[in-house]
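Here is the file start.txt (compact mmCIF, N, CA and C atoms and all ligand atoms).
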# COMPACT_ATOMS: atom_id res chain seq x y z
N MET A 129 19.20 -2.88 -4.13
CA MET A 129 19.27 -2.87 -2.65
C MET A 129 19.94 -1.59 -2.14
N LYS A 130 21.10 -1.28 -2.76
CA LYS A 130 21.84 -0.08 -2.33
C LYS A 130 21.00 1.18 -2.61
N ARG A 131 20.31 1.17 -3.72
CA ARG A 131 19.46 2.32 -4.05
C ARG A 131 18.37 2.51 -2.99
N VAL A 132 17.77 1.42 -2.58
CA VAL A 132 16.71 1.48 -1.57
C VAL A 132 17.29 1.96 -0.24
N TYR A 133 18.43 1.40 0.12
CA TYR A 133 19.12 1.77 1.37
C TYR A 133 19.46 3.26 1.37
N ASP A 134 20.08 3.72 0.28
CA ASP A 134 20.48 5.13 0.20
C ASP A 134 19.26 6.05 0.29
N TYR A 135 18.17 5.65 -0.34
CA TYR A 135 16.97 6.49 -0.34
C TYR A 135 16.40 6.59 1.09
N LEU A 136 16.30 5.47 1.78
CA LEU A 136 15.75 5.49 3.14
C LEU A 136 16.66 6.27 4.08
N LYS A 137 17.96 6.14 3.91
CA LYS A 137 18.91 6.90 4.74
C LYS A 137 18.73 8.40 4.49
N LYS A 138 18.55 8.75 3.22
CA LYS A 138 18.39 10.17 2.87
C LYS A 138 17.11 10.74 3.50
N CYS A 139 16.04 9.96 3.48
CA CYS A 139 14.76 10.43 4.03
C CYS A 139 14.80 10.53 5.55
N LYS A 140 15.66 9.71 6.16
CA LYS A 140 15.81 9.63 7.63
C LYS A 140 14.59 9.00 8.30
N THR A 141 13.40 9.47 8.01
CA THR A 141 12.19 8.86 8.58
C THR A 141 11.40 8.20 7.46
N TYR A 142 10.95 6.98 7.74
CA TYR A 142 10.05 6.30 6.82
C TYR A 142 8.86 5.79 7.64
N TYR A 143 7.86 5.29 6.98
CA TYR A 143 6.64 4.85 7.65
C TYR A 143 6.45 3.36 7.39
N LEU A 144 6.39 2.61 8.48
CA LEU A 144 6.34 1.15 8.42
C LEU A 144 4.93 0.69 8.74
N ALA A 145 4.32 0.00 7.80
CA ALA A 145 2.97 -0.52 7.99
C ALA A 145 3.03 -2.02 8.24
N THR A 146 2.20 -2.46 9.18
CA THR A 146 2.06 -3.89 9.48
C THR A 146 0.58 -4.24 9.38
N VAL A 147 0.31 -5.54 9.51
CA VAL A 147 -1.06 -6.03 9.47
C VAL A 147 -1.43 -6.48 10.88
N ASP A 148 -2.56 -6.01 11.37
CA ASP A 148 -3.04 -6.38 12.70
C ASP A 148 -4.46 -6.91 12.53
N GLY A 149 -4.57 -8.21 12.28
CA GLY A 149 -5.89 -8.75 11.94
C GLY A 149 -6.32 -8.16 10.61
N ASP A 150 -7.47 -7.46 10.60
CA ASP A 150 -7.91 -6.83 9.36
C ASP A 150 -7.62 -5.32 9.37
N GLN A 151 -6.75 -4.91 10.30
CA GLN A 151 -6.50 -3.47 10.45
C GLN A 151 -5.04 -3.15 10.10
N PRO A 152 -4.79 -2.28 9.13
CA PRO A 152 -3.41 -1.82 8.91
C PRO A 152 -2.97 -0.95 10.08
N ARG A 153 -1.67 -1.03 10.42
CA ARG A 153 -1.07 -0.17 11.44
C ARG A 153 0.17 0.45 10.84
N VAL A 154 0.36 1.72 11.05
CA VAL A 154 1.52 2.40 10.48
C VAL A 154 2.12 3.32 11.53
N ARG A 155 3.44 3.44 11.49
CA ARG A 155 4.14 4.30 12.44
C ARG A 155 5.47 4.74 11.83
N PRO A 156 6.04 5.86 12.36
CA PRO A 156 7.33 6.30 11.85
C PRO A 156 8.46 5.41 12.35
N PHE A 157 9.40 5.15 11.48
CA PHE A 157 10.61 4.40 11.83
C PHE A 157 11.81 5.13 11.24
N GLY A 158 12.98 4.82 11.77
CA GLY A 158 14.18 5.48 11.27
C GLY A 158 15.36 4.55 11.07
N THR A 159 15.41 3.45 11.84
CA THR A 159 16.59 2.59 11.73
C THR A 159 16.57 1.83 10.41
N ILE A 160 17.70 1.86 9.74
CA ILE A 160 17.84 1.04 8.53
C ILE A 160 19.34 0.79 8.34
N GLU A 161 19.71 -0.46 8.20
CA GLU A 161 21.12 -0.82 8.01
C GLU A 161 21.20 -1.99 7.03
N LEU A 162 22.32 -2.05 6.33
CA LEU A 162 22.60 -3.23 5.51
C LEU A 162 23.44 -4.19 6.35
N ILE A 163 22.89 -5.34 6.64
CA ILE A 163 23.62 -6.35 7.41
C ILE A 163 23.67 -7.61 6.57
N ASP A 164 24.89 -8.02 6.24
CA ASP A 164 25.10 -9.17 5.34
C ASP A 164 24.29 -9.02 4.06
N GLY A 165 24.27 -7.79 3.55
CA GLY A 165 23.62 -7.54 2.27
C GLY A 165 22.11 -7.50 2.32
N ARG A 166 21.55 -7.49 3.53
CA ARG A 166 20.10 -7.42 3.69
C ARG A 166 19.71 -6.12 4.37
N LEU A 167 18.62 -5.51 3.90
CA LEU A 167 18.10 -4.33 4.58
C LEU A 167 17.47 -4.76 5.90
N CYS A 168 17.87 -4.09 6.99
CA CYS A 168 17.38 -4.46 8.32
C CYS A 168 16.94 -3.22 9.08
N PHE A 169 15.95 -3.42 9.96
CA PHE A 169 15.57 -2.35 10.89
C PHE A 169 15.53 -2.93 12.29
N GLN A 170 15.46 -2.02 13.25
CA GLN A 170 15.51 -2.43 14.66
C GLN A 170 14.21 -2.04 15.34
N THR A 171 13.76 -2.90 16.24
CA THR A 171 12.63 -2.52 17.10
C THR A 171 12.77 -3.21 18.45
N GLY A 172 11.74 -3.10 19.26
CA GLY A 172 11.73 -3.74 20.57
C GLY A 172 10.67 -4.83 20.59
N ARG A 173 11.06 -5.96 21.15
CA ARG A 173 10.16 -7.12 21.18
C ARG A 173 8.86 -6.80 21.92
N SER A 174 8.93 -5.82 22.83
CA SER A 174 7.75 -5.49 23.64
C SER A 174 6.71 -4.67 22.86
N LYS A 175 7.09 -4.18 21.67
CA LYS A 175 6.18 -3.28 20.95
C LYS A 175 5.13 -4.05 20.14
N HIS A 176 4.00 -3.38 19.93
CA HIS A 176 2.94 -3.96 19.09
C HIS A 176 3.49 -4.30 17.70
N VAL A 177 4.33 -3.43 17.17
CA VAL A 177 4.85 -3.65 15.81
C VAL A 177 5.56 -4.99 15.72
N SER A 178 6.31 -5.35 16.75
CA SER A 178 7.02 -6.63 16.76
C SER A 178 6.03 -7.79 16.78
N LYS A 179 5.05 -7.69 17.64
CA LYS A 179 4.07 -8.78 17.76
C LYS A 179 3.30 -8.95 16.45
N GLN A 180 2.98 -7.82 15.81
CA GLN A 180 2.25 -7.90 14.53
C GLN A 180 3.10 -8.57 13.46
N ILE A 181 4.39 -8.26 13.42
CA ILE A 181 5.26 -8.86 12.39
C ILE A 181 5.43 -10.36 12.65
N HIS A 182 5.54 -10.73 13.91
CA HIS A 182 5.67 -12.17 14.19
C HIS A 182 4.40 -12.93 13.79
N ALA A 183 3.26 -12.26 13.92
CA ALA A 183 2.00 -12.91 13.53
C ALA A 183 1.82 -12.92 12.02
N ASN A 184 2.33 -11.90 11.35
CA ASN A 184 2.20 -11.78 9.89
C ASN A 184 3.38 -10.94 9.39
N PRO A 185 4.34 -11.58 8.71
CA PRO A 185 5.58 -10.87 8.35
C PRO A 185 5.45 -9.87 7.19
N LYS A 186 4.25 -9.77 6.61
CA LYS A 186 4.11 -8.83 5.49
C LYS A 186 4.11 -7.38 6.00
N VAL A 187 5.01 -6.60 5.44
CA VAL A 187 5.08 -5.18 5.81
C VAL A 187 5.12 -4.33 4.55
N GLU A 188 4.78 -3.06 4.71
CA GLU A 188 5.05 -2.08 3.66
C GLU A 188 5.71 -0.88 4.30
N ILE A 189 6.58 -0.27 3.51
CA ILE A 189 7.29 0.93 3.93
C ILE A 189 6.99 2.01 2.90
N CYS A 190 6.77 3.21 3.39
CA CYS A 190 6.66 4.37 2.50
C CYS A 190 7.61 5.45 3.00
N ALA A 191 8.32 6.07 2.09
CA ALA A 191 9.19 7.19 2.43
C ALA A 191 9.12 8.20 1.31
N CYS A 192 9.41 9.46 1.65
CA CYS A 192 9.30 10.55 0.68
C CYS A 192 10.44 11.53 0.93
N ASP A 193 11.11 11.93 -0.13
CA ASP A 193 12.21 12.91 0.04
C ASP A 193 11.76 14.33 -0.28
N GLY A 194 10.47 14.54 -0.42
CA GLY A 194 9.95 15.87 -0.72
C GLY A 194 9.50 16.00 -2.17
N GLU A 195 10.17 15.27 -3.05
CA GLU A 195 9.81 15.34 -4.48
C GLU A 195 9.41 13.98 -5.04
N THR A 196 10.06 12.93 -4.55
CA THR A 196 9.80 11.58 -5.02
C THR A 196 9.43 10.74 -3.80
N TRP A 197 8.93 9.56 -4.05
CA TRP A 197 8.58 8.69 -2.93
C TRP A 197 8.78 7.24 -3.34
N VAL A 198 8.89 6.40 -2.31
CA VAL A 198 9.07 4.98 -2.56
C VAL A 198 8.06 4.20 -1.72
N ARG A 199 7.58 3.12 -2.31
CA ARG A 199 6.76 2.16 -1.56
C ARG A 199 7.45 0.82 -1.68
N ILE A 200 7.65 0.19 -0.53
CA ILE A 200 8.36 -1.09 -0.48
C ILE A 200 7.45 -2.13 0.14
N GLN A 201 7.27 -3.21 -0.56
CA GLN A 201 6.59 -4.35 0.08
C GLN A 201 7.63 -5.42 0.33
N ALA A 202 7.52 -6.09 1.46
CA ALA A 202 8.52 -7.10 1.82
C ALA A 202 7.97 -7.98 2.93
N ASN A 203 8.72 -9.03 3.20
CA ASN A 203 8.50 -9.81 4.41
C ASN A 203 9.60 -9.41 5.40
N ALA A 204 9.23 -9.25 6.65
CA ALA A 204 10.20 -8.93 7.70
C ALA A 204 10.43 -10.18 8.54
N ILE A 205 11.68 -10.64 8.51
CA ILE A 205 12.04 -11.89 9.18
C ILE A 205 13.09 -11.57 10.25
N GLU A 206 12.89 -12.09 11.46
CA GLU A 206 13.84 -11.78 12.52
C GLU A 206 15.23 -12.31 12.21
N ASP A 207 16.23 -11.48 12.43
CA ASP A 207 17.64 -11.89 12.41
C ASP A 207 18.06 -11.93 13.89
N PRO A 208 18.13 -13.11 14.49
CA PRO A 208 18.33 -13.20 15.93
C PRO A 208 19.79 -13.06 16.39
N ARG A 209 20.71 -12.86 15.46
CA ARG A 209 22.13 -12.87 15.82
C ARG A 209 22.51 -11.64 16.66
N ILE A 210 23.25 -11.92 17.73
CA ILE A 210 23.71 -10.83 18.59
C ILE A 210 24.59 -9.86 17.81
N GLU A 211 25.41 -10.40 16.89
CA GLU A 211 26.30 -9.51 16.12
C GLU A 211 25.52 -8.55 15.23
N SER A 212 24.33 -8.97 14.80
CA SER A 212 23.49 -8.06 14.02
C SER A 212 22.93 -6.95 14.91
N GLN A 213 22.56 -7.31 16.13
CA GLN A 213 22.10 -6.29 17.09
C GLN A 213 23.22 -5.31 17.39
N GLU A 214 24.45 -5.85 17.55
CA GLU A 214 25.60 -4.97 17.83
C GLU A 214 25.83 -4.01 16.68
N LYS A 215 25.75 -4.53 15.45
CA LYS A 215 26.01 -3.68 14.28
C LYS A 215 24.97 -2.57 14.20
N MET A 216 23.71 -2.91 14.44
CA MET A 216 22.65 -1.90 14.38
C MET A 216 22.87 -0.83 15.45
N LEU A 217 23.19 -1.26 16.66
CA LEU A 217 23.34 -0.29 17.75
C LEU A 217 24.60 0.56 17.56
N GLU A 218 25.61 0.02 16.87
CA GLU A 218 26.78 0.85 16.54
C GLU A 218 26.38 1.92 15.53
N ALA A 219 25.47 1.57 14.62
CA ALA A 219 25.03 2.54 13.60
C ALA A 219 24.11 3.60 14.20
N TYR A 220 23.43 3.25 15.29
CA TYR A 220 22.50 4.20 15.95
C TYR A 220 22.84 4.25 17.44
N PRO A 221 23.99 4.86 17.78
CA PRO A 221 24.44 4.81 19.18
C PRO A 221 23.46 5.45 20.16
N GLU A 222 22.61 6.35 19.67
CA GLU A 222 21.63 6.97 20.58
C GLU A 222 20.65 5.94 21.14
N LEU A 223 20.52 4.81 20.45
CA LEU A 223 19.61 3.76 20.93
C LEU A 223 20.19 2.99 22.13
N LYS A 224 21.50 3.16 22.35
CA LYS A 224 22.13 2.38 23.42
C LYS A 224 21.60 2.76 24.80
N ALA A 225 20.95 3.93 24.89
CA ALA A 225 20.34 4.30 26.17
C ALA A 225 19.13 3.43 26.47
N LEU A 226 18.56 2.84 25.44
CA LEU A 226 17.33 2.05 25.60
C LEU A 226 17.52 0.56 25.34
N TYR A 227 18.52 0.23 24.50
CA TYR A 227 18.68 -1.15 24.05
C TYR A 227 20.14 -1.59 24.20
N GLN A 228 20.32 -2.86 24.51
CA GLN A 228 21.65 -3.48 24.56
C GLN A 228 21.58 -4.79 23.79
N PRO A 229 22.67 -5.16 23.10
CA PRO A 229 22.66 -6.47 22.43
C PRO A 229 22.39 -7.58 23.45
N GLY A 230 21.50 -8.48 23.11
CA GLY A 230 21.23 -9.62 23.98
C GLY A 230 20.37 -9.30 25.18
N ASP A 231 19.72 -8.14 25.20
CA ASP A 231 18.89 -7.78 26.37
C ASP A 231 17.52 -8.44 26.36
N GLY A 232 17.23 -9.20 25.31
CA GLY A 232 15.94 -9.89 25.25
C GLY A 232 14.84 -9.03 24.65
N ASN A 233 15.11 -7.74 24.49
CA ASN A 233 14.10 -6.84 23.91
C ASN A 233 14.53 -6.39 22.51
N THR A 234 15.80 -6.10 22.36
CA THR A 234 16.31 -5.64 21.06
C THR A 234 16.04 -6.68 19.99
N GLU A 235 15.54 -6.21 18.88
CA GLU A 235 15.16 -7.14 17.82
C GLU A 235 15.51 -6.53 16.47
N ILE A 236 16.11 -7.34 15.61
CA ILE A 236 16.45 -6.92 14.26
C ILE A 236 15.60 -7.74 13.29
N PHE A 237 15.00 -7.05 12.35
CA PHE A 237 14.28 -7.73 11.27
C PHE A 237 14.97 -7.42 9.95
N LYS A 238 15.13 -8.46 9.13
CA LYS A 238 15.64 -8.26 7.78
C LYS A 238 14.48 -8.32 6.80
N LEU A 239 14.61 -7.56 5.73
CA LEU A 239 13.56 -7.54 4.70
C LEU A 239 13.92 -8.54 3.62
N THR A 240 12.96 -9.41 3.31
CA THR A 240 13.15 -10.39 2.24
C THR A 240 12.00 -10.24 1.24
N SER A 241 12.19 -10.86 0.07
CA SER A 241 11.16 -10.80 -0.99
C SER A 241 10.70 -9.36 -1.24
N GLY A 242 11.66 -8.44 -1.27
CA GLY A 242 11.32 -7.03 -1.36
C GLY A 242 11.03 -6.55 -2.79
N VAL A 243 10.05 -5.68 -2.88
CA VAL A 243 9.77 -4.98 -4.14
C VAL A 243 9.64 -3.49 -3.79
N ALA A 244 10.58 -2.71 -4.28
CA ALA A 244 10.55 -1.26 -4.03
C ALA A 244 10.14 -0.57 -5.32
N THR A 245 9.15 0.29 -5.23
CA THR A 245 8.71 1.06 -6.41
C THR A 245 8.95 2.54 -6.13
N PHE A 246 9.81 3.14 -6.96
CA PHE A 246 10.13 4.56 -6.84
C PHE A 246 9.20 5.34 -7.75
N TYR A 247 8.56 6.35 -7.18
CA TYR A 247 7.58 7.15 -7.92
C TYR A 247 8.02 8.61 -7.98
N SER A 248 7.62 9.28 -9.05
CA SER A 248 7.74 10.74 -9.12
C SER A 248 6.54 11.25 -9.92
N PHE A 249 6.30 12.55 -9.84
CA PHE A 249 5.20 13.12 -10.60
C PHE A 249 5.54 13.20 -12.09
N SER A 250 6.84 13.09 -12.40
CA SER A 250 7.27 13.40 -13.77
C SER A 250 7.60 12.18 -14.63
N GLY A 251 7.80 11.03 -14.01
CA GLY A 251 8.23 9.89 -14.82
C GLY A 251 7.52 8.62 -14.46
N ALA A 252 7.83 7.58 -15.20
CA ALA A 252 7.23 6.27 -14.92
C ALA A 252 7.84 5.69 -13.65
N PRO A 253 7.06 4.92 -12.90
CA PRO A 253 7.62 4.28 -11.70
C PRO A 253 8.78 3.35 -12.05
N VAL A 254 9.73 3.26 -11.15
CA VAL A 254 10.88 2.37 -11.32
C VAL A 254 10.80 1.29 -10.24
N VAL A 255 10.80 0.03 -10.67
CA VAL A 255 10.65 -1.08 -9.74
C VAL A 255 12.01 -1.75 -9.52
N VAL A 256 12.34 -1.94 -8.25
CA VAL A 256 13.58 -2.63 -7.88
C VAL A 256 13.21 -3.80 -6.99
N GLU A 257 13.62 -4.99 -7.38
CA GLU A 257 13.36 -6.16 -6.54
C GLU A 257 14.62 -6.51 -5.78
N PHE A 258 14.46 -6.91 -4.53
CA PHE A 258 15.65 -7.27 -3.74
C PHE A 258 15.32 -8.38 -2.76
C1 LIG B 301 11.36 9.67 13.63
C2 LIG B 301 11.06 8.39 14.39
C3 LIG B 301 11.79 7.26 14.14
C4 LIG B 301 11.51 6.07 14.83
N1 LIG B 301 12.24 4.94 14.56
C5 LIG B 301 11.96 3.80 15.23
C6 LIG B 301 12.67 2.60 14.90
O1 LIG B 301 13.55 2.55 14.03
N2 LIG B 301 12.36 1.49 15.62
C7 LIG B 301 11.37 1.48 16.58
O2 LIG B 301 11.10 0.43 17.17
N3 LIG B 301 10.68 2.59 16.88
C8 LIG B 301 10.94 3.74 16.21
N4 LIG B 301 10.22 4.86 16.50
C9 LIG B 301 9.17 4.80 17.53
C10 LIG B 301 7.93 4.10 16.98
O3 LIG B 301 7.33 4.87 15.93
C11 LIG B 301 6.90 3.92 18.13
O4 LIG B 301 7.47 3.17 19.17
C12 LIG B 301 5.62 3.25 17.65
O5 LIG B 301 4.63 3.47 18.61
C13 LIG B 301 5.80 1.75 17.41
O6 LIG B 301 4.62 1.21 16.82
P1 LIG B 301 3.57 0.33 17.67
O7 LIG B 301 3.01 1.27 18.74
O8 LIG B 301 2.57 -0.13 16.70
O9 LIG B 301 4.36 -0.78 18.30
C14 LIG B 301 10.48 6.05 15.81
C15 LIG B 301 9.74 7.21 16.05
C16 LIG B 301 10.03 8.37 15.36
C17 LIG B 301 9.21 9.60 15.65
As structure tokens - that is how I would like this structure written.
Amino acid sequence: MKRVYDYLKKCKTYYLATVDGDQPRVRPFGTIELIDGRLCFQTGRSKHVSKQIHANPKVEICACDGETWVRIQANAIEDPRIESQEKMLEAYPELKALYQPGDGNTEIFKLTSGVATFYSFSGAPVVVEF
């Protein structure tokens, strides 16, 4: 878990894919925090990404540090606690211009049933389950 967290933090931007009917959707994301030992990201309830996850919680994440890359499959489950929203917004204070804890739009998802596969051109893939 910590390895996955550190890698995503290092990359700063990762790409989050969701399922929209029979169409994959992917977009850049940046928020990632460990909350109660779970990897979590933040979004807005008004976004398509949120609606897609509520309809189908299966997500994939891809990130690359320039030399290696990771692919993560997981389920994204809402963490509705206000304290989790507060923790995320403390970690990303620039988001406070757009989001407030308990505003009805701020949404935290935790990743469950995660499988992260770290790849490089030089070695065998390394699989981490979390
Ligand atoms: C570098 C970067 C990081 C981003 N991080 C987030 C994020 O953590 N959460 C979020 O909701 N949107 C984030 N966005 C904005 C989303 O990519 C954007 O709102 C996207 O359109 C959401 O997908 P959707 O249109 O399918 O809902 C980020 C954008 C960029 C360029």
Cut-off 8 Å: closest chain A/ligand LIG 301 (chain B) atom pairs per residue, using only C-alpha atoms and all ligand atoms, as JSON lines:
{"residue": "A:Lys140", "atom": "CA", "partner": "B:LIG301", "partner_atom": "C1", "distance": 7.5}
{"residue": "A:Thr141", "atom": "CA", "partner": "B:LIG301", "partner_atom": "C1", "distance": 5.2}
{"residue": "A:Tyr142", "atom": "CA", "partner": "B:LIG301", "partner_atom": "C3", "distance": 7.6}
{"residue": "A:Arg153", "atom": "CA", "partner": "B:LIG301", "partner_atom": "O8", "distance": 6.4}
{"residue": "A:Val154", "atom": "CA", "partner": "B:LIG301", "partner_atom": "O8", "distance": 6.8}
{"residue": "A:Arg155", "atom": "CA", "partner": "B:LIG301", "partner_atom": "O3", "distance": 4.8}
{"residue": "A:Pro156", "atom": "CA", "partner": "B:LIG301", "partner_atom": "O3", "distance": 4.3}
{"residue": "A:Phe157", "atom": "CA", "partner": "B:LIG301", "partner_atom": "N1", "distance": 3.2}
{"residue": "A:Gly158", "atom": "CA", "partner": "B:LIG301", "partner_atom": "N1", "distance": 3.9}
{"residue": "A:Thr159", "atom": "CA", "partner": "B:LIG301", "partner_atom": "O1", "distance": 3.8}
{"residue": "A:Ile160", "atom": "CA", "partner": "B:LIG301", "partner_atom": "O1", "distance": 7.1}
{"residue": "A:Phe169", "atom": "CA", "partner": "B:LIG301", "partner_atom": "O1", "distance": 6.2}
{"residue": "A:Gln170", "atom": "CA", "partner": "B:LIG301", "partner_atom": "N2", "distance": 5.1}
{"residue": "A:Thr171", "atom": "CA", "partner": "B:LIG301", "partner_atom": "O2", "distance": 3.3}
{"residue": "A:Gly172", "atom": "CA", "partner": "B:LIG301", "partner_atom": "O2", "distance": 5.4}
{"residue": "A:Ser174", "atom": "CA", "partner": "B:LIG301", "partner_atom": "O9", "distance": 7.9}
{"residue": "A:Lys175", "atom": "CA", "partner": "B:LIG301", "partner_atom": "O9", "distance": 4.1}
{"residue": "A:His176", "atom": "CA", "partner": "B:LIG301", "partner_atom": "O9", "distance": 3.6}
{"residue": "A:Val177", "atom": "CA", "partner": "B:LIG301", "partner_atom": "O9", "distance": 3.8}
{"residue": "A:Ser178", "atom": "CA", "partner": "B:LIG301", "partner_atom": "O9", "distance": 6.6}
Who sits within 8 Å of Lys238 of chain A, all atoms listed in the file, same chain under 6 positions skipped, as a short mmCIF file (atom, residue, chain, number, x, y, z; two decimals) with N, CA and C atoms, in the coordinates of the input:
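Writing done, so here's part33.cif:
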data_model
loop_
_atom_site.label_atom_id
_atom_site.label_comp_id
_atom_site.auth_asym_id
_atom_site.auth_seq_id
_atom_site.Cartn_x
_atom_site.Cartn_y
_atom_site.Cartn_z
N ILE A 163 22.89 -5.34 6.64
CA ILE A 163 23.62 -6.35 7.41
C ILE A 163 23.67 -7.61 6.57
N ARG A 166 21.55 -7.49 3.53
CA ARG A 166 20.10 -7.42 3.69
C ARG A 166 19.71 -6.12 4.37
N LEU A 167 18.62 -5.51 3.90
CA LEU A 167 18.10 -4.33 4.58
C LEU A 167 17.47 -4.76 5.90
N CYS A 168 17.87 -4.09 6.99
CA CYS A 168 17.38 -4.46 8.32
C CYS A 168 16.94 -3.22 9.08
N PHE A 169 15.95 -3.42 9.96
CA PHE A 169 15.57 -2.35 10.89
C PHE A 169 15.53 -2.93 12.29
N GLN A 170 15.46 -2.02 13.25
CA GLN A 170 15.51 -2.43 14.66
C GLN A 170 14.21 -2.04 15.34
N ALA A 202 7.52 -6.09 1.46
CA ALA A 202 8.52 -7.10 1.82
C ALA A 202 7.97 -7.98 2.93
N ASN A 203 8.72 -9.03 3.20
CA ASN A 203 8.50 -9.81 4.41
C ASN A 203 9.60 -9.41 5.40
N ALA A 204 9.23 -9.25 6.65
CA ALA A 204 10.20 -8.93 7.70
C ALA A 204 10.43 -10.18 8.54
N ILE A 205 11.68 -10.64 8.51
CA ILE A 205 12.04 -11.89 9.18
C ILE A 205 13.09 -11.57 10.25
N GLU A 206 12.89 -12.09 11.46
CA GLU A 206 13.84 -11.78 12.52
C GLU A 206 15.23 -12.31 12.21
N ASP A 207 16.23 -11.48 12.43
CA ASP A 207 17.64 -11.89 12.41
C ASP A 207 18.06 -11.93 13.89
N PRO A 208 18.13 -13.11 14.49
CA PRO A 208 18.33 -13.20 15.93
C PRO A 208 19.79 -13.06 16.39
#
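Closest approach to Leu162 of chain A among A:Leu217, A:Tyr133, A:Val198, A:Glu211 is made by A:Tyr133 (distances from all atoms listed in the file).
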- Message: Calculated over only C-alpha atoms, which of the candidates A:Ala145, A:Ile181, A:Cys190, A:Val256 has the smallest distance to Val243 of chain A?
- Response: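 That would be A:Val256, the residue with the smallest distance to Val243 of chain A.
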- Task: Point out the residue among A:Ala191, A:Ile200, A:Ala183, A:Ala252 with the least atom-to-atom distance to Cys139 of chain A, counting only C-alpha atoms.
- Result: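 Looking at the shortest contact to Cys139 of chain A, the residue is A:Ala191.
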- Hey, can you check how far atom CA of Asn184 of chain A sits from atom CA of Lys138 of chain A?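 It comes out at 28.2 Å.
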- Item | 8 Å contact set for Gly232 of chain A, all atoms listed in the file, chain neighbours under 2 positions out, as an MDAnalysis selection string | chainID A and resid 172:174 228:230 234:235
- Which residue out of A:Met129, A:Leu223, A:Leu239, A:Met216 has the minimum interatomic distance to Leu144 of chain A when only C-alpha atoms are used?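 Closest candidate: A:Leu239.
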- Which residue of A:Ala219, A:Lys179, A:Asp134, A:Glu188 approaches Thr146 of chain A most closely, using only C-alpha atoms: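 That would be A:Glu188, the residue with the smallest distance to Thr146 of chain A.
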- Message: For a test of reading the model, state the distance in Å between atom CA of Leu226 of chain A and atom CA of Glu214 of chain A, rounded to one decimal.
- Response: 13.3 Å
- Can you list every residue in chain A that DSSP puts in alpha helix (DSSP H), as an MDAnalysis selection string? chainID A and resid 130:139 176:183 210:219
- Item | Separation of atom C of Glu257 of chain A from atom N of Glu218 of chain A in Å | 26.0 Å
